[in-house]
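Chemist: Sharing work_8.cif below, mmCIF, C-alpha atoms:
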data_input
loop_
_atom_site.label_atom_id
_atom_site.label_comp_id
_atom_site.auth_asym_id
_atom_site.auth_seq_id
_atom_site.Cartn_x
_atom_site.Cartn_y
_atom_site.Cartn_z
CA MET A 230 -18.27 -7.94 -5.97
CA LYS A 231 -17.50 -9.96 -2.93
CA ARG A 232 -13.90 -11.03 -2.48
CA ARG A 233 -14.90 -14.70 -2.67
CA THR A 234 -16.71 -14.10 -5.98
CA PHE A 235 -13.59 -12.51 -7.46
CA LEU A 236 -11.42 -15.33 -6.18
CA THR A 237 -13.51 -18.01 -7.79
CA ALA A 238 -13.81 -16.15 -11.07
CA THR A 239 -10.10 -15.43 -11.21
CA THR A 240 -9.13 -19.02 -10.48
CA VAL A 241 -11.21 -20.24 -13.39
CA SER A 242 -10.34 -17.61 -15.93
CA LEU A 243 -6.65 -16.76 -15.58
CA ALA A 244 -5.83 -19.60 -17.93
CA ALA A 245 -7.21 -17.57 -20.81
CA THR A 246 -4.80 -16.62 -23.59
CA GLN A 247 -2.94 -13.39 -22.83
CA LEU A 248 -2.31 -10.68 -25.37
CA ALA A 249 1.39 -9.89 -25.70
CA GLY A 250 3.11 -6.66 -26.65
CA PRO A 251 5.54 -4.13 -25.27
CA VAL A 252 4.45 -1.25 -23.09
CA TYR A 253 6.51 1.90 -22.82
CA ALA A 254 6.57 4.64 -20.19
CA SER A 255 4.97 7.83 -21.44
CA ALA A 256 5.71 11.41 -20.58
CA SER A 257 3.34 13.57 -18.60
CA PRO A 258 0.32 14.86 -20.50
CA SER A 259 0.77 18.16 -22.25
CA GLY A 260 0.06 21.01 -19.87
CA SER A 261 -0.02 18.70 -16.82
CA THR A 262 1.85 19.42 -13.59
CA ALA A 263 2.62 15.71 -13.26
CA SER A 264 6.24 14.61 -13.06
CA HIS A 265 8.08 12.28 -15.39
CA TYR A 266 8.61 8.75 -14.19
CA GLU A 267 10.93 5.98 -15.24
CA VAL A 268 10.51 2.25 -15.70
CA VAL A 269 12.70 0.32 -13.25
CA ALA A 270 11.73 -3.18 -14.40
CA ARG A 271 9.43 -4.96 -16.84
CA PHE A 272 7.85 -8.28 -15.91
CA TRP A 273 7.07 -10.75 -18.70
CA GLY A 274 5.86 -13.57 -16.47
CA ALA A 275 3.40 -13.44 -13.59
CA MET A 276 1.79 -10.18 -12.52
CA PRO A 277 3.35 -8.50 -9.45
CA THR A 278 1.55 -6.79 -6.60
CA GLY A 279 4.03 -5.66 -3.93
CA VAL A 280 7.35 -3.82 -4.00
CA THR A 281 9.75 -2.62 -1.31
CA VAL A 282 13.29 -1.21 -1.25
CA SER A 283 15.99 -1.68 1.39
CA ARG A 284 18.25 1.09 2.69
CA ARG A 285 21.02 -0.15 0.38
CA GLY A 286 18.75 -0.06 -2.63
CA ARG A 287 17.88 -3.75 -2.93
CA ILE A 288 14.47 -4.12 -4.58
CA PHE A 289 12.05 -6.90 -3.67
CA VAL A 290 8.78 -7.78 -5.37
CA ASN A 291 6.14 -10.47 -5.00
CA PHE A 292 3.81 -12.42 -7.26
CA PRO A 293 0.66 -13.85 -5.65
CA ARG A 294 -0.50 -17.24 -6.90
CA TRP A 295 -3.74 -16.10 -8.51
CA GLY A 296 -3.61 -18.42 -11.52
CA ASP A 297 -0.56 -17.25 -13.47
CA ASP A 298 2.47 -19.53 -13.65
CA VAL A 299 4.30 -18.44 -10.47
CA PRO A 300 7.58 -20.36 -9.95
CA PHE A 301 8.39 -18.14 -6.95
CA THR A 302 6.10 -15.81 -5.04
CA VAL A 303 8.86 -13.52 -3.65
CA ALA A 304 11.83 -12.24 -5.63
CA GLU A 305 14.74 -9.85 -5.50
CA LEU A 306 15.48 -7.83 -8.62
CA ARG A 307 19.02 -8.52 -9.78
CA SER A 308 20.18 -6.79 -12.95
CA GLY A 309 16.53 -5.97 -13.55
CA LYS A 310 15.40 -9.62 -13.39
CA PRO A 311 13.41 -11.28 -10.59
CA VAL A 312 15.25 -14.06 -8.73
CA ALA A 313 13.61 -16.28 -6.08
CA TYR A 314 14.17 -14.87 -2.58
CA PRO A 315 15.41 -15.83 -0.08
CA ASP A 316 15.69 -19.08 -2.05
CA ALA A 317 13.75 -21.30 -4.42
CA GLU A 318 12.93 -23.97 -1.84
CA VAL A 319 10.98 -21.73 0.55
CA ASN A 320 9.10 -20.36 -2.46
CA ARG A 321 7.95 -23.83 -3.45
CA GLN A 322 4.22 -24.14 -2.87
CA ASP A 323 3.65 -27.10 -0.56
CA ALA A 324 0.18 -27.88 0.80
CA ALA A 325 1.72 -30.53 3.07
CA ASP A 326 3.94 -27.94 4.82
CA LEU A 327 2.00 -24.69 4.90
CA ALA A 328 4.15 -23.07 7.56
CA GLY A 329 7.44 -24.09 5.98
CA HIS A 330 6.80 -22.64 2.53
CA LEU A 331 5.50 -19.41 1.03
CA GLN A 332 2.08 -20.23 -0.37
CA SER A 333 0.88 -16.98 -1.99
CA VAL A 334 2.47 -13.70 -0.98
CA GLN A 335 0.50 -10.47 -1.37
CA SER A 336 2.94 -7.96 0.13
CA VAL A 337 6.62 -7.41 0.98
CA VAL A 338 7.79 -4.55 3.22
CA VAL A 339 11.21 -3.54 4.56
CA ASP A 340 10.85 -2.22 8.12
CA GLY A 341 12.77 0.53 9.91
CA ALA A 342 15.43 -1.98 11.02
CA ASP A 343 16.03 -2.94 7.38
CA ARG A 344 14.48 -6.40 7.65
CA LEU A 345 12.30 -7.77 4.88
CA TRP A 346 8.86 -8.85 6.05
CA ILE A 347 6.84 -11.17 3.83
CA LEU A 348 3.04 -11.27 4.19
CA ASP A 349 1.77 -14.66 3.07
CA THR A 350 -2.00 -14.90 2.55
CA GLY A 351 -1.80 -18.70 2.68
CA SER A 352 -4.54 -18.71 0.06
CA PRO A 353 -3.34 -19.70 -3.43
CA LEU A 354 -6.05 -19.20 -6.06
CA PHE A 355 -8.09 -17.49 -3.33
CA ALA A 356 -9.25 -20.95 -2.24
CA GLY A 357 -9.20 -20.14 1.47
CA SER A 358 -6.50 -20.72 4.05
CA SER A 359 -5.65 -23.13 6.84
CA TYR A 360 -3.49 -22.65 9.92
CA GLY A 361 0.17 -22.34 8.93
CA GLY A 362 -0.56 -20.70 5.60
CA PRO A 363 -1.29 -17.08 6.66
CA LYS A 364 1.88 -15.71 8.25
CA LEU A 365 4.43 -12.95 8.60
CA VAL A 366 7.99 -13.98 7.76
CA ALA A 367 11.07 -11.86 8.50
CA VAL A 368 14.32 -12.13 6.54
CA ASP A 369 17.62 -10.69 7.77
CA LEU A 370 18.98 -8.83 4.75
CA ARG A 371 22.55 -9.13 6.03
CA THR A 372 22.45 -12.93 5.89
CA ASP A 373 19.47 -13.49 3.55
CA ARG A 374 18.07 -15.95 6.08
CA ILE A 375 14.62 -16.24 7.62
CA VAL A 376 14.86 -15.14 11.25
CA ARG A 377 11.22 -14.96 12.36
CA LYS A 378 7.93 -16.55 11.45
CA ILE A 379 4.59 -15.54 12.98
CA LEU A 380 1.59 -17.76 12.23
CA PHE A 381 -1.89 -16.29 12.51
CA PRO A 382 -4.48 -18.31 14.45
CA PRO A 383 -7.83 -19.01 12.74
CA GLU A 384 -9.71 -16.73 15.14
CA VAL A 385 -7.61 -13.80 13.88
CA VAL A 386 -7.29 -14.85 10.23
CA PRO A 387 -10.24 -17.10 9.37
CA ALA A 388 -10.23 -19.21 6.21
CA ASN A 389 -12.01 -16.53 4.20
CA SER A 390 -9.66 -13.71 5.25
CA TYR A 391 -7.14 -12.15 2.89
CA PRO A 392 -4.21 -10.36 4.63
CA ASN A 393 -3.34 -7.66 2.14
CA ASP A 394 -0.71 -5.11 3.18
CA VAL A 395 1.35 -4.32 6.29
CA ARG A 396 3.13 -1.45 8.06
CA PHE A 397 5.44 -1.47 11.10
CA ASP A 398 6.07 0.67 14.18
CA LEU A 399 9.13 -0.78 15.92
CA ARG A 400 8.89 1.64 18.86
CA ARG A 401 5.82 -0.08 20.31
CA GLY A 402 6.13 -2.87 22.82
CA ALA A 403 9.33 -4.84 23.28
CA GLU A 404 10.06 -5.36 19.57
CA GLY A 405 7.43 -3.39 17.68
CA MET A 406 4.02 -3.96 16.18
CA ALA A 407 2.63 -4.64 12.73
CA PHE A 408 -0.67 -3.41 11.30
CA ILE A 409 -2.30 -5.38 8.46
CA THR A 410 -5.38 -4.79 6.34
CA ASP A 411 -7.72 -7.74 5.82
CA SER A 412 -9.41 -7.49 2.43
CA GLY A 413 -11.45 -10.67 2.80
CA GLY A 414 -13.98 -12.05 5.24
CA SER A 415 -15.49 -9.25 7.30
CA ASN A 416 -12.70 -6.77 6.51
CA GLY A 417 -10.78 -4.93 9.20
CA ILE A 418 -7.31 -4.42 10.68
CA ILE A 419 -5.03 -7.10 12.16
CA VAL A 420 -2.51 -6.07 14.83
CA VAL A 421 0.59 -8.14 15.63
CA ASP A 422 2.92 -7.88 18.63
CA LEU A 423 6.26 -8.79 17.06
CA ALA A 424 7.85 -9.76 20.40
CA THR A 425 5.27 -12.34 21.42
CA GLY A 426 3.69 -13.19 18.06
CA ARG A 427 0.28 -12.48 19.56
CA SER A 428 -2.25 -11.00 17.12
CA TRP A 429 -5.76 -9.59 17.33
CA ARG A 430 -8.41 -8.01 15.13
CA ARG A 431 -9.82 -4.50 15.18
CA LEU A 432 -12.54 -2.68 13.19
CA THR A 433 -13.89 -5.98 11.85
CA GLY A 434 -16.97 -5.12 9.83
CA HIS A 435 -16.71 -1.42 10.72
CA PRO A 436 -18.24 0.81 8.01
CA SER A 437 -14.88 2.52 7.40
CA ALA A 438 -13.34 -0.83 6.42
CA LEU A 439 -16.18 -1.99 4.17
CA PRO A 440 -16.65 -1.33 0.44
CA ASP A 441 -19.16 1.30 -0.61
CA PRO A 442 -22.17 -0.75 -1.76
CA ASP A 443 -23.10 1.68 -4.55
CA PHE A 444 -19.56 2.32 -5.78
CA VAL A 445 -19.10 1.90 -9.55
CA PRO A 446 -15.76 3.23 -10.81
CA ILE A 447 -15.10 4.15 -14.43
CA ILE A 448 -11.93 2.52 -15.80
CA ASP A 449 -10.89 2.48 -19.45
CA GLY A 450 -14.05 4.37 -20.31
CA GLN A 451 -16.58 1.91 -18.91
CA PRO A 452 -18.06 0.95 -15.55
CA PHE A 453 -15.65 -1.42 -13.79
CA MET A 454 -17.70 -4.46 -12.84
CA VAL A 455 -17.46 -8.22 -12.64
CA ARG A 456 -18.56 -9.38 -16.10
CA PRO A 457 -18.75 -13.18 -16.30
CA ALA A 458 -19.07 -14.82 -19.70
CA GLY A 459 -22.76 -15.28 -20.36
CA GLY A 460 -23.75 -13.69 -17.06
CA GLU A 461 -25.02 -10.40 -15.72
CA PRO A 462 -22.50 -7.80 -14.53
CA THR A 463 -22.23 -7.36 -10.78
CA SER A 464 -20.51 -4.74 -8.67
CA TYR A 465 -16.89 -5.11 -7.57
CA GLU A 466 -16.73 -5.02 -3.76
CA THR A 467 -13.43 -5.16 -1.87
CA GLY A 468 -12.94 -3.59 1.55
CA SER A 469 -9.92 -2.55 3.63
CA ASP A 470 -6.86 -2.65 1.39
CA GLY A 471 -4.50 0.35 1.34
CA ILE A 472 -2.60 1.13 4.56
CA ALA A 473 -0.02 3.71 5.71
CA LEU A 474 1.30 5.13 8.98
CA SER A 475 1.54 8.82 9.76
CA ALA A 476 5.05 10.21 10.03
CA ASP A 477 4.78 10.38 13.84
CA GLY A 478 3.12 6.97 14.09
CA THR A 479 0.02 8.24 15.90
CA ARG A 480 -2.46 7.49 13.12
CA LEU A 481 -3.00 4.57 10.75
CA TYR A 482 -4.51 5.49 7.38
CA TYR A 483 -6.54 2.88 5.52
CA CYS A 484 -9.06 2.64 2.72
CA PRO A 485 -11.42 0.14 1.12
CA LEU A 486 -10.48 -0.58 -2.48
CA SER A 487 -14.08 -0.18 -3.63
CA SER A 488 -14.51 3.42 -2.55
CA ARG A 489 -13.31 6.98 -2.92
CA ARG A 490 -12.87 7.61 0.80
CA LEU A 491 -10.05 7.69 3.31
CA HIS A 492 -10.08 7.03 7.05
CA SER A 493 -7.57 6.98 9.88
CA VAL A 494 -7.57 5.45 13.35
CA SER A 495 -5.50 5.89 16.49
CA THR A 496 -2.55 3.50 16.60
CA ASP A 497 -2.58 3.72 20.41
CA ALA A 498 -6.08 2.28 20.37
CA LEU A 499 -5.21 -0.42 17.83
CA ALA A 500 -2.10 -1.45 19.76
CA ASP A 501 -3.94 -1.88 23.06
CA PRO A 502 -4.95 -5.56 23.23
CA ASP A 503 -7.42 -4.75 26.01
CA ALA A 504 -9.23 -1.96 24.15
CA THR A 505 -12.84 -2.69 23.23
CA ASP A 506 -14.11 -2.51 19.68
CA ALA A 507 -16.15 0.54 20.64
CA GLU A 508 -13.11 2.30 22.09
CA VAL A 509 -11.11 1.72 18.91
CA ALA A 510 -14.01 2.75 16.66
CA ALA A 511 -14.39 6.00 18.62
CA THR A 512 -10.96 7.08 17.34
CA VAL A 513 -11.79 6.62 13.64
CA GLU A 514 -11.72 9.82 11.57
CA ASN A 515 -13.38 10.25 8.18
CA LEU A 516 -10.88 12.16 6.03
CA GLY A 517 -13.24 12.56 3.12
CA PHE A 518 -12.64 12.09 -0.59
CA LYS A 519 -9.65 10.41 -2.18
CA PRO A 520 -9.30 8.89 -5.66
CA MET A 521 -9.99 5.15 -6.02
CA ALA A 522 -6.73 3.60 -4.83
CA ASP A 523 -5.34 0.16 -4.17
CA GLY A 524 -2.22 0.63 -1.99
CA LEU A 525 -1.25 3.65 0.10
CA GLU A 526 2.14 5.02 1.19
CA SER A 527 3.36 7.86 3.42
CA ASP A 528 6.52 9.97 3.61
CA ASP A 529 8.46 11.57 6.45
CA LYS A 530 6.83 14.94 5.73
CA GLY A 531 3.36 13.72 6.63
CA ARG A 532 2.04 13.26 3.09
CA LEU A 533 0.13 10.34 1.63
CA TYR A 534 0.46 8.71 -1.81
CA GLY A 535 -1.75 6.42 -3.84
CA GLY A 536 -2.78 5.45 -7.32
CA ASP A 537 -5.79 6.93 -9.08
CA LEU A 538 -7.09 3.78 -10.74
CA GLU A 539 -9.69 5.62 -12.78
CA HIS A 540 -7.17 7.98 -14.38
CA ASN A 541 -3.93 5.94 -14.62
CA ALA A 542 -2.22 8.32 -12.24
CA ILE A 543 -0.33 8.67 -8.95
CA TRP A 544 -1.35 11.32 -6.44
CA ARG A 545 -0.01 12.94 -3.27
CA ARG A 546 -2.16 14.21 -0.42
CA SER A 547 -0.80 17.05 1.71
CA PRO A 548 -1.53 17.27 5.45
CA ASN A 549 -4.11 19.99 4.73
CA GLY A 550 -6.11 17.54 2.62
CA THR A 551 -5.25 18.88 -0.84
CA TYR A 552 -4.31 16.51 -3.66
CA ARG A 553 -1.80 16.82 -6.47
CA THR A 554 -1.24 14.52 -9.43
CA LEU A 555 2.42 13.49 -9.52
CA ALA A 556 2.43 11.20 -12.54
CA GLN A 557 0.01 10.11 -15.21
CA GLY A 558 0.32 7.85 -18.24
CA SER A 559 -1.52 5.17 -20.16
CA ASP A 560 0.93 2.54 -18.92
CA LEU A 561 0.24 3.35 -15.26
CA ASN A 562 -2.62 0.90 -15.44
CA TRP A 563 -3.78 -0.18 -11.98
CA ILE A 564 -1.15 1.18 -9.61
CA ASP A 565 -1.11 -1.47 -6.91
CA THR A 566 1.61 -1.11 -4.24
CA LEU A 567 3.68 2.01 -3.54
CA SER A 568 6.95 2.21 -1.59
CA ILE A 569 9.19 5.15 -0.70
CA ALA A 570 12.91 4.39 -0.63
CA SER A 571 16.00 6.00 0.89
CA ASP A 572 16.91 7.30 -2.57
CA ARG A 573 13.93 9.69 -2.18
CA HIS A 574 11.96 8.02 -4.94
CA LEU A 575 8.46 6.63 -4.89
CA TYR A 576 8.29 3.13 -6.40
CA ALA A 577 5.04 1.60 -7.68
CA THR A 578 3.83 -1.51 -9.47
CA ALA A 579 1.41 -1.24 -12.39
CA ASN A 580 -0.13 -4.67 -12.95
CA GLN A 581 -3.28 -4.17 -15.08
CA LEU A 582 -5.50 -5.98 -12.57
CA ASP A 583 -8.61 -4.39 -14.10
CA ARG A 584 -7.93 -6.24 -17.36
CA LEU A 585 -8.25 -9.71 -15.81
CA ALA A 586 -10.73 -12.07 -17.43
CA PRO A 587 -13.42 -11.87 -14.68
CA PHE A 588 -13.99 -8.23 -15.65
CA HIS A 589 -14.19 -8.86 -19.41
CA GLU A 590 -16.53 -11.78 -20.02
CA GLY A 591 -13.75 -14.35 -19.68
CA HIS A 592 -11.19 -12.55 -21.86
CA ASP A 593 -7.83 -11.74 -20.30
CA LEU A 594 -6.91 -8.33 -21.73
CA ARG A 595 -3.64 -7.81 -19.86
CA ARG A 596 -0.75 -6.84 -22.12
CA LYS A 597 2.70 -7.77 -20.90
CA PRO A 598 4.99 -6.50 -19.58
CA TYR A 599 3.77 -5.37 -16.18
CA LEU A 600 5.79 -2.47 -14.83
CA LEU A 601 7.73 -1.28 -11.82
CA VAL A 602 8.13 2.48 -12.04
CA ARG A 603 9.60 5.19 -9.87
CA LEU A 604 9.54 8.97 -9.65
CA PRO A 605 11.56 11.42 -7.55
CA ILE A 606 10.00 13.01 -4.48
CA ASP A 607 11.46 15.46 -1.98
CA ALA A 608 11.05 13.14 1.00
CA GLY A 609 12.12 9.86 2.52
CA PRO A 610 10.29 6.87 4.01
CA VAL A 611 8.59 6.76 7.40
CA ARG A 612 10.87 4.82 9.75
CA LEU A 613 9.38 4.29 13.20
CA VAL A 614 12.29 2.70 15.01
#
Render the structure in this file as C-alpha cells.

Modeler:
Amino acid sequence: MKRRTFLTATTVSLAATQLAGPVYASASPSGSTASHYEVVARFWGAMPTGVTVSRRGRIFVNFPRWGDDVPFTVAELRSGKPVAYPDAEVNRQDAADLAGHLQSVQSVVVDGADRLWILDTGSPLFAGSSYGGPKLVAVDLRTDRIVRKILFPPEVVPANSYPNDVRFDLRRGAEGMAFITDSGGSNGIIVVDLATGRSWRRLTGHPSALPDPDFVPIIDGQPFMVRPAGGEPTSYETGSDGIALSADGTRLYYCPLSSRRLHSVSTDALADPDATDAEVAATVENLGFKPMADGLESDDKGRLYGGDLEHNAIWRRSPNGTYRTLAQGSDLNWIDTLSIASDRHLYATANQLDRLAPFHEGHDLRRKPYLLVRLPIDAGPVRLV
C-alpha cells in the first residue's frame, strides 16, 4: 500500500484493544545454525522502532507517535526501563513549537564521535509535516544537552515525506555528512552537510528506491496486505527504508521495505551537491536478492545485517553475497532497527508491526511486550570518523 494509506489506516485503528501477554525469547530451532540471542529489555507501553548504543554502553530507543500513548518519543534505558531523553520537556509534543520539541521520532543513531543523533519525522500520526517538524537533532552524551539542530526545508522534505533512518560519515566535508532514507512521498535519499546544515535529495523516484509493485510477502502464514474492516485487501507498498554504510564508506546500501532486493550507490556521488540525478543514478548497483527487511546495519568487516520479516529471523550477508541466518525465533516478530555496539553485539528491536490493526480488518493483534534483543557477533560497528 502507499505510505499515506498506511498512515491514515494506522491513525484510525491503533485505538483498538490490544491483547496482552508475556513473550519469551526462544532458543534456535533444532538443527539450525542460528545463534542464541538474549532479551535486553521488554516494552509494555508504546511500540519502539529505533535503537542505538554509545561507546560506553548507554542504550537509546525511540517510540514514534503512530497512535499509541507515547509520553516521550526518545528514551534512554536505565535499569532496563525507558526514561525520557534528553528530558521530558523536549519530548513534549507541541504543534505550536515544531522546531523546539520532538514531534515523532523514527530513528536514533550514535555517530562515530559518540554523539546521539535524533531523526524527527515531524509527522505524528503520519498526518504530514510542516517546516520545523522534520529535523536532525544532536545530543552531546557527555553533558546530555542538545548541541545541534538541523531543520529540513520543504523542498528537501515535503509534507508527505517520511525520513526513516540515518547513517553518518564524519570524514566528509568540514564536519561530516548524514545520509537518510525517505520512505514517504517519492522515496529516495536525503543528504545533509553537517557543517552548514544544507541538505539535498538524491534518487527521488528512482526504481531502486521504490517498492516492488507486485510484491506480496508471506507473514504468519498468510499474504501480508492492508486489510481494512469491511474492505478489499490491497498491497503494502513502502519504498526506501533500510540503510547502511560500507566499512570503508565508499558505498551506501539501501532497500525498499516492500521488496526482496538490495542496492548500493556511491557515497562520493551522493555527497556531491553539484552532481546531477543522472550522474548519481549511474553509480547504483543492483546487488540482487535479500530477505524482506526493514532496517539494515553493517559491521567493520564489510558485512550487512537485517531482519527476515517473513521468517522471524536475523541474517548476515558476507561481502561475497552469501547469506547466513544468525538468529530465529517466534518472538523475533518484525525486526525493525538493528545496531552494532562496541561490545561486539548486534542489537535489534522486534515490534510486531505486521500485527497492527490495518493489516487485520481493524483488529490490533500485537501482544506486549515488544522486545529489544541482542546477539554476539565477531565484529564492531562502522565508525567513519

Chemist: To one decimal place in Å, what is the distance between CA of Glu384 (chain A) and CA of Ser469 (chain A)?

Modeler: 18.3 Å

Chemist: Given the point (15.9, -11.9, 10.0) in the coordinates of this file, which residues lie within 12 Å, counting all atoms listed in the file, and how would they look as a list of chain:residue names?

Modeler: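 It turns out the residues near that spot are A:Pro315, A:Val339, A:Asp340, A:Ala342, A:Asp343, A:Arg344, A:Leu345, A:Trp346, A:Ile347, A:Leu365, A:Val366, A:Ala367, A:Val368, A:Asp369, A:Leu370, A:Arg371, A:Thr372, A:Asp373, A:Arg374, A:Ile375, A:Val376, A:Arg377, A:Lys378.
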
Chemist: Give the answer as one residue: which of A:Met406, A:Leu604, A:Leu538, A:Ala498 has the shortest atom-to-atom distance to His574 (chain A), using all atoms listed in the file?

Modeler: A:Leu604

Chemist: For the file shown, report as a PyMOL selection string the outcome of the PyMOL selection byres ((chain A and resi 499-504) around 10) at residue level.

Modeler: chain A and resi 401-402+405-408+418-422+427-432+480-481+494-498+505-510+512

Chemist: Which one of A:Asn389, A:Ser571, A:Thr463, A:Thr350 sits closest to Leu327 (chain A) if you count only C-alpha atoms?

Modeler: A:Thr350

Chemist: Given the file shown, enumerate the residues that the PyMOL selection byres ((chain A and resi 446-448) around 8) captures and present them as number ranges by chain.

Modeler: A: 444-445, 449-453, 521, 538-540, 583

Chemist: Enter the distance from CA of Arg321 (chain A) to CA of Thr281 (chain A), in Å, rounded to one decimal.

Modeler: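 Rounded to one decimal, the two atoms are 21.4 Å apart.
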
Chemist: At a cut-off of 10 Å from (16.6, -8.8, -11.3) in the coordinates of the file, what residues are picked up using all atoms listed in the file, written as an NGL selection string?

Modeler: :A and (270-272 or 287-290 or 304-313)

Chemist: Quick one: of A:Asn541, A:Asn549, A:Asn393, A:Thr302, who's nearest to Ile472 (chain A), counting only C-alpha atoms?

Modeler: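 Smallest separation from Ile472 (chain A) among the options: A:Asn393.
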
Chemist: List the neighbours of Arg400 (chain A) out to 10 Å using all atoms listed in the file; skip same-chain residues closer than 6 positions along the sequence, and give me the result as a list in words.

Modeler: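 Residues meeting the cut-off are Gly341, Met406, Gly478, Arg612, Leu613 and Val614 of chain A.
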
Chemist: Could you tell me how far CA of Pro277 (chain A) lies from CA of Ala328 (chain A), in Å and to one decimal?

Modeler: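 Taking CA of Pro277 (chain A) as the start and CA of Ala328 (chain A) as the end point, the length is 22.4 Å.
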
Chemist: Of the candidates A:Ala570, A:Arg545, A:Val611, A:Trp563, which shows the shortest atom-to-atom distance to Met276 (chain A), using all atoms listed in the file?

Modeler: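 Smallest distance to Met276 (chain A) is found for A:Trp563.
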
Chemist: Using the file's own x, y and z axes, so that the box edges lie along x, y and z, what centre and edge lengths in Å (one decimal) does a box around every listed atom of region 463-470 of chain A get when 8 Å is added on each side? Give it as lines of an AutoDock Vina configuration file.

Modeler:
center_x = -14.5
center_y = -5.0
center_z = -3.6
size_x = 31.4
size_y = 20.8
size_z = 30.4

Chemist: Would you kindly return, as a PDB file with C-alpha atoms, keeping the file's coordinate frame, each protein, DNA or RNA residue with an atom no farther than 10 Å from any atom of Ile543 (chain A), considering only C-alpha atoms and excluding same-chain residues fewer than 3 positions away?

Modeler:
ATOM      1  CA  ALA A 263       2.620  15.710 -13.260  1.00  0.00           C
ATOM      2  CA  SER A 264       6.240  14.610 -13.060  1.00  0.00           C
ATOM      3  CA  PRO A 520      -9.300   8.890  -5.660  1.00  0.00           C
ATOM      4  CA  ALA A 522      -6.730   3.600  -4.830  1.00  0.00           C
ATOM      5  CA  TYR A 534       0.460   8.710  -1.810  1.00  0.00           C
ATOM      6  CA  GLY A 535      -1.750   6.420  -3.840  1.00  0.00           C
ATOM      7  CA  GLY A 536      -2.780   5.450  -7.320  1.00  0.00           C
ATOM      8  CA  ASP A 537      -5.790   6.930  -9.080  1.00  0.00           C
ATOM      9  CA  LEU A 538      -7.090   3.780 -10.740  1.00  0.00           C
ATOM     10  CA  HIS A 540      -7.170   7.980 -14.380  1.00  0.00           C
ATOM     11  CA  ARG A 553      -1.800  16.820  -6.470  1.00  0.00           C
ATOM     12  CA  THR A 554      -1.240  14.520  -9.430  1.00  0.00           C
ATOM     13  CA  LEU A 555       2.420  13.490  -9.520  1.00  0.00           C
ATOM     14  CA  ALA A 556       2.430  11.200 -12.540  1.00  0.00           C
ATOM     15  CA  GLN A 557       0.010  10.110 -15.210  1.00  0.00           C
ATOM     16  CA  GLY A 558       0.320   7.850 -18.240  1.00  0.00           C
ATOM     17  CA  LEU A 561       0.240   3.350 -15.260  1.00  0.00           C
ATOM     18  CA  TRP A 563      -3.780  -0.180 -11.980  1.00  0.00           C
ATOM     19  CA  ILE A 564      -1.150   1.180  -9.610  1.00  0.00           C
ATOM     20  CA  LEU A 567       3.680   2.010  -3.540  1.00  0.00           C
ATOM     21  CA  LEU A 575       8.460   6.630  -4.890  1.00  0.00           C
ATOM     22  CA  ALA A 577       5.040   1.600  -7.680  1.00  0.00           C
ATOM     23  CA  LEU A 604       9.540   8.970  -9.650  1.00  0.00           C
TER      24      LEU A 604
END

Chemist: Starting from the displayed file, determine the output of the PyMOL selection byres ((chain A and resi 332) around 7) and express the residue list as a PyMOL selection string.

Modeler: chain A and resi 322+327+330-331+333-334+349+351-353+362

Chemist: What lies within 12 Å of Asn515 (chain A) using all atoms listed in the file, ignoring chain neighbours under 3 positions off, as a list in words?

Modeler: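 So the residues in contact are Pro436, Ser437, Ala438, Tyr482, Tyr483, Cys484, Arg489, Arg490, Leu491, His492, Ser493, Val494, Ala510, Ala511, Thr512, Phe518, Lys519 and Gly550 of chain A.
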
Chemist: What's around Gly459 (chain A) at 10 Å? Count only C-alpha atoms, leave out sequence neighbours fewer than 3 positions away in its own chain, and write the answer as a ChimeraX atom specification.

Modeler: /A:456,462,590-591

Chemist: From the options A:Pro387, A:Gly274, A:Gly357, A:Pro605, which residue's atoms come nearest to Val299 (chain A), counting only C-alpha atoms?

Modeler: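 The answer is A:Gly274, which sits nearest to Val299 (chain A).
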
Chemist: Name the residues in contact with Gln335 (chain A) at a cut-off of 8 Å, using all atoms listed in the file, excluding same-chain residues fewer than 5 positions from it; report them as a list in words.

Modeler: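 Surrounding residues, per the criterion: Thr278, Gly279, Asn291, Phe292, Pro293, Leu348, Asp349, Thr350, Pro392, Asn393 and Asp394 of chain A.
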
Chemist: Which one of A:Gly517, A:Tyr576, A:Leu380, A:Thr410 sits closest to Tyr552 (chain A) if you count all atoms listed in the file?

Modeler: A:Gly517

Chemist: Starting from the block above, write region 354-362 of chain A out to a file with N, CA and C atoms, as a PDB file, in the first residue's frame, please.

Modeler:
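Final output, saved to decode-v3.pdb:
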ATOM      1  N   LEU A 354       1.196  10.672  13.862  1.00  0.00           N
ATOM      2  CA  LEU A 354       0.031  10.031  13.253  1.00  0.00           C
ATOM      3  C   LEU A 354       0.104  10.054  11.737  1.00  0.00           C
ATOM      4  N   PHE A 355       1.303  10.211  11.199  1.00  0.00           N
ATOM      5  CA  PHE A 355       1.507  10.236   9.741  1.00  0.00           C
ATOM      6  C   PHE A 355       0.645  11.292   9.055  1.00  0.00           C
ATOM      7  N   ALA A 356       0.377  12.376   9.737  1.00  0.00           N
ATOM      8  CA  ALA A 356      -0.554  13.390   9.218  1.00  0.00           C
ATOM      9  C   ALA A 356       0.112  14.386   8.284  1.00  0.00           C
ATOM     10  N   GLY A 357       1.405  14.224   7.998  1.00  0.00           N
ATOM     11  CA  GLY A 357       2.121  15.183   7.193  1.00  0.00           C
ATOM     12  C   GLY A 357       2.897  16.142   8.073  1.00  0.00           C
ATOM     13  N   SER A 358       3.897  16.774   7.502  1.00  0.00           N
ATOM     14  CA  SER A 358       4.776  17.630   8.296  1.00  0.00           C
ATOM     15  C   SER A 358       4.785  19.056   7.770  1.00  0.00           C
ATOM     16  N   SER A 359       5.233  19.956   8.628  1.00  0.00           N
ATOM     17  CA  SER A 359       5.444  21.354   8.287  1.00  0.00           C
ATOM     18  C   SER A 359       6.853  21.740   8.702  1.00  0.00           C
ATOM     19  N   TYR A 360       7.362  22.830   8.116  1.00  0.00           N
ATOM     20  CA  TYR A 360       8.725  23.257   8.408  1.00  0.00           C
ATOM     21  C   TYR A 360       8.932  23.415   9.919  1.00  0.00           C
ATOM     22  N   GLY A 361      10.037  22.859  10.395  1.00  0.00           N
ATOM     23  CA  GLY A 361      10.352  22.866  11.821  1.00  0.00           C
ATOM     24  C   GLY A 361      10.136  21.515  12.459  1.00  0.00           C
ATOM     25  N   GLY A 362       9.231  20.720  11.883  1.00  0.00           N
ATOM     26  CA  GLY A 362       8.982  19.386  12.408  1.00  0.00           C
ATOM     27  C   GLY A 362      10.054  18.386  12.011  1.00  0.00           C
TER      28      GLY A 362
END
